[in-house]
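Next up, upload-v2.cif (mmCIF, C-alpha atoms and all ligand atoms):
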data_start
loop_
_atom_site.label_atom_id
_atom_site.label_comp_id
_atom_site.auth_asym_id
_atom_site.auth_seq_id
_atom_site.Cartn_x
_atom_site.Cartn_y
_atom_site.Cartn_z
CA MET A 834 -86.29 -75.52 -104.02
CA ILE A 835 -84.56 -78.83 -103.62
CA GLY A 836 -85.51 -81.40 -101.03
CA ALA A 837 -83.08 -82.79 -98.50
CA ALA A 838 -83.95 -86.30 -99.73
CA GLU A 839 -82.76 -85.37 -103.23
CA LEU A 840 -79.47 -83.67 -102.40
CA ASP A 841 -77.95 -83.19 -98.97
CA ILE A 842 -76.24 -79.80 -98.72
CA SER A 843 -76.30 -79.63 -94.93
CA HIS A 844 -72.56 -80.29 -94.69
CA ILE A 845 -71.71 -77.22 -96.79
CA ARG A 846 -70.58 -74.37 -94.55
CA LEU A 847 -70.24 -70.96 -96.17
CA GLY A 848 -68.39 -68.02 -94.68
CA GLU A 849 -69.38 -64.36 -94.78
CA ARG A 850 -67.66 -63.83 -98.09
CA PRO A 851 -68.36 -64.29 -101.82
CA LEU A 852 -69.32 -67.73 -103.14
CA ILE A 853 -67.93 -69.22 -106.37
CA VAL A 854 -69.81 -72.29 -107.63
CA CYS A 855 -67.90 -74.14 -110.27
CA ASP A 856 -68.81 -77.00 -112.63
CA VAL A 857 -66.10 -79.67 -112.95
CA ASP A 858 -66.11 -81.51 -116.30
CA ASP A 859 -64.48 -79.37 -118.99
CA VAL A 860 -64.28 -76.44 -116.56
CA VAL A 861 -61.93 -77.74 -113.84
CA LEU A 862 -61.05 -81.19 -115.16
CA GLN A 863 -60.56 -81.98 -118.83
CA PHE A 864 -63.41 -84.23 -119.98
CA ILE A 865 -63.84 -84.50 -123.72
CA GLY A 866 -60.15 -85.00 -124.50
CA PRO A 867 -59.54 -87.73 -121.88
CA PHE A 868 -62.87 -89.38 -122.73
CA GLN A 869 -61.79 -89.70 -126.36
CA LEU A 870 -58.52 -91.33 -125.28
CA PHE A 871 -60.48 -93.68 -122.99
CA ILE A 872 -62.81 -94.93 -125.74
CA GLN A 873 -59.93 -95.20 -128.19
CA SER A 874 -58.27 -97.59 -125.72
CA LEU A 875 -61.39 -99.75 -126.12
CA GLY A 876 -61.41 -99.62 -129.93
CA HIS A 877 -63.95 -96.82 -130.35
CA GLU A 878 -63.79 -93.37 -131.86
CA PHE A 879 -65.76 -90.17 -131.17
CA LEU A 880 -66.90 -88.22 -134.23
CA PRO A 881 -67.72 -84.61 -133.33
CA ARG A 882 -70.83 -84.31 -135.49
CA SER A 883 -73.06 -82.69 -132.87
CA PHE A 884 -72.87 -81.69 -129.21
CA ARG A 885 -73.65 -85.12 -127.79
CA LEU A 886 -71.86 -88.37 -127.12
CA HIS A 887 -74.74 -90.70 -127.97
CA GLY A 888 -74.94 -91.31 -131.71
CA ASN A 889 -71.42 -90.03 -132.35
CA ILE A 890 -69.26 -92.93 -131.13
CA VAL A 891 -68.30 -95.56 -133.68
CA SER A 892 -66.21 -98.72 -133.85
CA MET A 893 -62.68 -98.05 -135.12
CA ALA A 894 -62.75 -101.52 -136.73
CA ASN A 895 -65.78 -101.13 -138.98
CA GLY A 896 -67.26 -97.66 -138.39
CA ALA A 897 -70.45 -99.10 -136.90
CA GLU A 898 -72.29 -96.73 -134.55
CA ILE A 899 -72.18 -97.78 -130.91
CA GLU A 900 -75.66 -98.27 -129.45
CA ASP A 901 -76.94 -95.71 -126.95
CA GLN A 902 -77.02 -98.22 -124.08
CA HIS A 903 -73.38 -99.08 -124.68
CA VAL A 904 -72.42 -95.39 -124.86
CA SER A 905 -74.11 -94.81 -121.50
CA ARG A 906 -72.06 -97.70 -120.08
CA LEU A 907 -68.87 -96.20 -121.54
CA ILE A 908 -69.60 -92.87 -119.81
CA GLU A 909 -70.12 -94.65 -116.50
CA GLU A 910 -66.95 -96.70 -116.93
CA PHE A 911 -65.08 -93.48 -117.65
CA PHE A 912 -66.36 -91.86 -114.46
CA GLU A 913 -65.46 -95.06 -112.60
CA SER A 914 -61.85 -94.85 -113.83
CA GLN A 915 -61.60 -91.04 -114.05
CA GLU A 916 -58.57 -90.96 -111.76
CA LEU A 917 -56.55 -92.63 -114.53
CA TRP A 918 -57.61 -90.22 -117.26
CA GLN A 919 -58.72 -86.73 -116.23
CA THR A 920 -56.32 -83.83 -115.73
CA PRO A 921 -56.88 -80.19 -114.67
CA LEU A 922 -57.35 -77.32 -117.12
CA ASP A 923 -54.54 -74.79 -117.47
CA GLN A 924 -54.29 -72.27 -114.61
CA VAL A 925 -57.28 -73.66 -112.71
CA VAL A 926 -55.37 -74.91 -109.67
CA GLU A 927 -53.43 -71.68 -109.15
CA THR A 928 -56.44 -69.48 -109.89
CA LEU A 929 -58.84 -71.23 -107.50
CA ASP A 930 -56.18 -71.36 -104.82
CA ARG A 931 -55.75 -67.58 -105.10
CA LEU A 932 -59.49 -66.86 -105.21
CA SER A 933 -60.09 -69.13 -102.19
CA GLN A 934 -58.18 -66.69 -100.02
CA GLU A 935 -61.10 -64.25 -100.37
CA ALA A 936 -64.07 -66.40 -101.40
CA ASP A 937 -65.70 -69.78 -100.71
CA ILE A 938 -65.38 -72.20 -103.61
CA LEU A 939 -67.73 -75.12 -104.22
CA PHE A 940 -67.67 -77.72 -106.99
CA LEU A 941 -71.09 -78.67 -108.41
CA THR A 942 -70.65 -81.53 -110.83
CA ALA A 943 -73.41 -83.03 -113.01
CA MET A 944 -72.13 -86.55 -112.53
CA PRO A 945 -73.95 -89.59 -111.06
CA PRO A 946 -73.37 -89.26 -107.29
CA ARG A 947 -72.11 -92.86 -107.00
CA PHE A 948 -68.82 -91.75 -108.57
CA GLN A 949 -68.29 -88.99 -106.03
CA ASP A 950 -65.53 -90.87 -104.17
CA GLN A 951 -63.42 -91.24 -107.30
CA ARG A 952 -63.86 -87.55 -108.12
CA ARG A 953 -63.06 -86.50 -104.57
CA ARG A 954 -59.82 -88.48 -104.60
CA LEU A 955 -58.83 -87.04 -107.97
CA LEU A 956 -59.52 -83.43 -106.96
CA ASP A 957 -57.67 -83.93 -103.68
CA ARG A 958 -54.67 -85.40 -105.47
CA ILE A 959 -54.51 -82.33 -107.72
CA GLY A 960 -54.73 -80.04 -104.70
CA LEU A 961 -58.33 -78.88 -105.21
CA LEU A 962 -59.67 -79.54 -101.72
CA PHE A 963 -62.89 -77.52 -102.04
CA PRO A 964 -66.29 -79.07 -101.19
CA LEU A 965 -67.94 -81.16 -103.90
CA LEU A 966 -71.60 -81.80 -104.70
CA ALA A 967 -72.49 -84.39 -107.35
CA SER A 968 -76.02 -84.22 -108.70
CA GLU A 969 -77.82 -84.69 -111.99
CA GLN A 970 -80.62 -82.33 -110.91
CA PRO A 971 -80.94 -78.86 -112.47
CA LYS A 972 -78.25 -76.60 -111.07
CA GLY A 973 -80.32 -73.44 -110.58
CA PRO A 974 -82.36 -74.70 -107.60
CA ILE A 975 -79.18 -76.11 -106.01
CA VAL A 976 -77.31 -72.80 -106.24
CA HIS A 977 -80.40 -71.04 -104.94
CA ALA A 978 -80.54 -73.39 -101.94
CA LEU A 979 -76.85 -72.83 -101.25
CA HIS A 980 -76.89 -69.06 -101.58
CA ALA A 981 -80.41 -68.53 -100.17
CA SER A 982 -80.95 -64.92 -99.16
CA ARG A 983 -77.29 -63.99 -98.63
CA SER A 984 -76.47 -60.50 -99.83
CA LEU A 985 -72.89 -61.44 -100.73
CA PRO A 986 -71.62 -61.79 -104.33
CA VAL A 987 -72.15 -65.17 -106.00
CA VAL A 988 -70.57 -66.52 -109.19
CA PHE A 989 -71.41 -69.60 -111.27
CA ILE A 990 -69.12 -71.06 -113.93
CA ASP A 991 -70.12 -73.82 -116.38
CA ASP A 992 -69.50 -74.99 -119.95
CA MET A 993 -73.16 -75.87 -120.58
CA ALA A 994 -75.63 -73.16 -121.59
CA ARG A 995 -78.55 -75.02 -120.02
CA ASN A 996 -76.87 -75.00 -116.59
CA LEU A 997 -76.06 -71.29 -116.87
CA HIS A 998 -79.67 -70.55 -117.85
CA SER A 999 -80.95 -72.66 -114.94
CA VAL A 1000 -78.89 -70.68 -112.45
CA ARG A 1001 -79.86 -67.38 -114.08
CA ASP A 1002 -83.53 -68.32 -113.60
CA HIS A 1003 -83.10 -69.09 -109.88
CA VAL A 1004 -80.35 -66.73 -108.68
CA PRO A 1005 -80.94 -63.33 -110.29
CA ASP A 1006 -77.84 -61.55 -108.95
CA CYS A 1007 -75.39 -64.31 -109.86
CA LEU A 1008 -72.46 -63.51 -112.16
CA LEU A 1009 -72.64 -66.20 -114.87
CA ILE A 1010 -69.47 -67.20 -116.68
CA HIS A 1011 -69.45 -69.46 -119.72
CA LEU A 1012 -66.11 -71.26 -119.84
CA MET A 1013 -65.49 -74.17 -122.19
CA PRO A 1014 -62.66 -75.74 -124.18
CA SER A 1015 -62.22 -74.87 -127.85
CA SER A 1016 -62.56 -78.51 -128.92
CA PRO A 1017 -64.19 -79.59 -132.22
CA VAL A 1018 -67.29 -80.85 -130.40
CA HIS A 1019 -67.68 -77.65 -128.39
CA ARG A 1020 -68.13 -75.78 -131.67
CA PHE A 1021 -71.56 -77.45 -131.73
CA ALA A 1022 -72.37 -76.41 -128.15
CA PRO A 1023 -75.61 -74.44 -127.78
CA ALA A 1024 -74.87 -70.76 -127.30
CA ALA A 1025 -75.51 -69.15 -123.94
CA ALA A 1026 -77.77 -66.11 -123.75
CA ASP A 1027 -76.23 -62.77 -124.73
CA ASP A 1028 -76.17 -61.50 -121.15
CA ILE A 1029 -73.90 -64.37 -120.06
CA THR A 1030 -70.20 -63.57 -120.30
CA ARG A 1031 -67.92 -65.93 -122.20
CA ALA A 1032 -64.48 -66.31 -120.62
CA THR A 1033 -61.64 -67.32 -122.88
CA ASP A 1034 -59.67 -69.10 -120.15
CA TRP A 1035 -59.18 -69.20 -116.38
CA THR A 1036 -57.09 -66.01 -116.35
CA HIS A 1037 -59.97 -64.17 -118.00
CA ALA A 1038 -62.52 -65.85 -115.70
CA ALA A 1039 -60.53 -64.78 -112.64
CA ALA A 1040 -60.54 -61.14 -113.77
CA LEU A 1041 -64.32 -61.26 -114.22
CA ILE A 1042 -64.80 -62.93 -110.83
CA GLU A 1043 -62.60 -60.40 -109.04
CA ALA A 1044 -64.35 -57.42 -110.62
CA HIS A 1045 -67.73 -58.80 -109.52
CA SER A 1046 -66.80 -60.21 -106.12
CA PHE A 1047 -64.32 -57.70 -104.72
CA PRO A 1048 -65.66 -54.33 -105.90
CA ALA A 1049 -63.51 -52.38 -103.47
CA ARG A 1050 -60.54 -53.37 -105.55
CA SER A 1051 -60.19 -50.60 -108.08
CA ILE A 1052 -59.42 -51.14 -111.72
CA ALA A 1053 -56.74 -48.54 -111.12
CA GLN A 1054 -54.98 -51.10 -108.92
CA LEU A 1055 -55.04 -53.81 -111.57
CA GLN A 1056 -52.24 -54.45 -113.96
CA PRO A 1057 -52.95 -53.23 -117.53
CA HIS A 1058 -53.23 -56.79 -118.84
CA GLU A 1059 -55.89 -57.57 -116.19
CA ARG A 1060 -57.95 -54.55 -117.25
CA THR A 1061 -57.79 -55.73 -120.82
CA ALA A 1062 -58.95 -59.17 -119.70
CA ILE A 1063 -61.99 -57.70 -117.99
CA LEU A 1064 -62.93 -55.57 -120.92
CA ALA A 1065 -61.88 -57.77 -123.80
CA PRO A 1066 -65.18 -59.46 -124.83
CA CYS A 1067 -66.42 -56.32 -126.45
CA HIS A 1068 -67.84 -54.63 -129.50
CA ARG A 1069 -71.35 -56.07 -129.46
CA LEU A 1070 -73.29 -53.78 -127.15
CA GLU A 1071 -71.25 -50.66 -126.55
CA THR A 1072 -68.21 -49.13 -128.05
CA GLY A 1073 -65.98 -47.34 -125.65
CA CYS A 1074 -62.68 -47.36 -123.91
CA ILE A 1075 -61.00 -46.90 -120.57
CA GLU A 1076 -58.09 -44.55 -120.52
CA ASP A 1077 -55.46 -44.59 -117.82
CA ARG A 1078 -54.14 -41.03 -117.60
CA ARG A 1079 -50.85 -42.26 -116.17
CA ARG A 1080 -50.21 -44.36 -119.25
CA ALA A 1081 -51.04 -42.96 -122.65
CA ASP A 1082 -50.81 -46.41 -124.22
CA ALA A 1083 -53.06 -48.18 -121.67
CA GLU A 1084 -56.36 -47.74 -123.46
CA CYS A 1085 -58.68 -50.65 -124.11
CA HIS A 1086 -62.13 -51.16 -125.54
CA GLY A 1087 -64.92 -52.42 -123.36
CA PHE A 1088 -67.86 -54.81 -123.28
CA ARG A 1089 -70.97 -53.10 -121.87
CA LEU A 1090 -68.54 -50.48 -120.78
CA LEU A 1091 -70.51 -48.42 -118.32
CA HIS A 1092 -71.92 -51.52 -116.63
CA MET A 1093 -68.45 -52.93 -116.11
CA ILE A 1094 -67.14 -49.62 -114.82
CA ASP A 1095 -69.98 -49.52 -112.33
CA ARG A 1096 -69.27 -53.09 -111.19
CA ALA A 1097 -65.54 -52.59 -110.89
CA GLY A 1098 -65.94 -49.66 -108.52
CA PHE A 1099 -63.50 -46.86 -109.08
CA GLU A 1100 -61.66 -45.62 -106.06
CA GLU A 1101 -59.66 -43.08 -108.02
CA PRO A 1102 -61.89 -41.82 -110.82
CA CYS A 1103 -59.49 -38.98 -111.55
CA ILE A 1104 -56.78 -41.47 -112.43
CA VAL A 1105 -58.77 -43.84 -114.62
CA ALA A 1106 -61.11 -41.86 -116.84
CA PRO A 1107 -63.92 -43.62 -118.69
CA ARG A 1108 -65.07 -41.97 -121.86
CA MET A 1109 -67.44 -42.96 -124.61
CA VAL A 1110 -66.52 -42.81 -128.27
CA ASP A 1111 -68.73 -43.10 -131.29
CA ARG A 1112 -69.31 -46.43 -133.05
CA ALA A 1113 -66.47 -45.84 -135.44
CA GLY A 1114 -64.20 -45.11 -132.52
CA GLU A 1115 -63.10 -41.87 -134.14
CA GLN A 1116 -64.61 -39.10 -132.07
CA ALA A 1117 -64.85 -38.64 -128.33
CA MET A 1118 -68.44 -38.00 -127.21
CA ALA A 1119 -67.94 -37.33 -123.51
MG MG B 1 -69.20 -79.43 -117.59
#

Would you mind writing the file out in structure tokens?
Ligand SMILES: [Mg+2]
Amino acid sequence: MIGAAELDISHIRLGERPLIVCDVDDVVLQFIGPFQLFIQSLGHEFLPRSFRLHGNIVSMANGAEIEDQHVSRLIEEFFESQELWQTPLDQVVETLDRLSQEADILFLTAMPPRFQDQRRRLLDRIGLLFPLLASEQPKGPIVHALHASRSLPVVFIDDMARNLHSVRDHVPDCLLIHLMPSSPVHRFAPAAADDITRATDWTHAAALIEAHSFPARSIAQLQPHERTAILAPCHRLETGCIEDRRRADAECHGFRLLHMIDRAGFEEPCIVAPRMVDRAGEQAMA
């Protein structure tokens, strides 16, 4: 649990509908790209040698490593001036606007709370008017406090494995989505657990969110490209496919196929027929 003295969530009002909790840096707002431009403007350079800023920023003049204390100051100065540098990720504004018609959306950013005003202004200017919580505490207890004992669907999206694992440990029924840029430094990012779904972009994330949060909406009602998006991260656990009998060419392979079928909720099982195939994909088994 979190204490009211540590983080005030009393102003957050949730409706009787699904909740989507969303990290901000490198999920909603670009971080690593703009941060690199910011430090370059000050004569520094980021070398993506590991998944951390400290120890990887050097002087462009002589290659000398910038001390940790100075790096911490640079990060704070960046947050202070974020309105001049940070921009939204592709599709995030349109996607969250659409999802907000059926779900509550909340931003949970791991940023020092004293920069909340700058972030609020920036999000508002972009058109992302959803509530914002800034806290450097573990995210799992915060999402637990927000969601409490509600029986409605809840989703958490973050680029950091440790935040996803924290929420998994405190909110067992939460759909966890790992969404991060494909930047050089993110190649060093710690992997999330195998049961956490990796989304390739916001279009893919939206398909996952909708399948989890609005189960009455049948896969049969989705466009073929949306079905593919839901079922694309595949091949590791199950081999299978979904076949749309109305369209002979609308077959796609699926990640944890039966689980996803169960989550999606078929309203017209006679139209969309799931079937398992063997590992080589050659022979129908059922
Ligand atoms: Mg982040």

Find the axis-aligned box for segment 1038-1046 of chain A, covering all its listed atoms and adding 3 Å on each side, and write its centre and edge lengths in Å to one decimal as lines of an AutoDock Vina configuration file.
center_x = -64.1
center_y = -61.6
center_z = -110.9
size_x = 13.2
size_y = 14.4
size_z = 15.6

Residue among A:Leu979, A:Ile938, A:Ala1022, A:Met893 lying closest to ligand MG 1 (chain B), counting all atoms listed in the file |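 Among the listed residues, A:Ala1022 lies closest to ligand MG 1 (chain B).
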
Computed interatomic separation between atom CA of Ile1010 of chain A and atom CA of Glu969 of chain A (Å) = 19.9 Å

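Restricting the calculation to all atoms listed in the file, the smallest distance between ligand MG 1 (chain B) and any of A:Leu1012, A:Cys1007, A:Ala981, A:Ala894 is found for A:Leu1012.
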
Counting only C-alpha atoms, select every polymer residue within 9 Å of (-70.1, -90.7, -112.0) as defined in the file's coordinates, and provide the selection as a PyMOL selection string.
-> chain A and resi 908-913+915+943-949+951-952+967

Could you give me, as a PyMOL selection string, every polymer residue with an atom at most 7 Å away from an atom of ligand MG 1 (chain B), counting all atoms listed in the file?
-> chain A and resi 856-860+991-993

Selected residue, from A:Leu941, A:Ala994, A:Cys855, A:Ala978, that lies nearest to Arg1031 of chain A when counting all atoms listed in the file =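 Closest to Arg1031 of chain A, using all atoms listed in the file: A:Ala994.
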
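Note that the spacing between atom CA of His1045 of chain A and atom CA of His980 of chain A amounts to 15.9 Å.
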
Considering all atoms listed in the file, state which residue in the set A:Gln902, A:Ser1015, A:Ser984, A:Thr928 is at the smallest distance from Gly866 of chain A.
->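 Result for the nearest residue to Gly866 of chain A: A:Ser1015.
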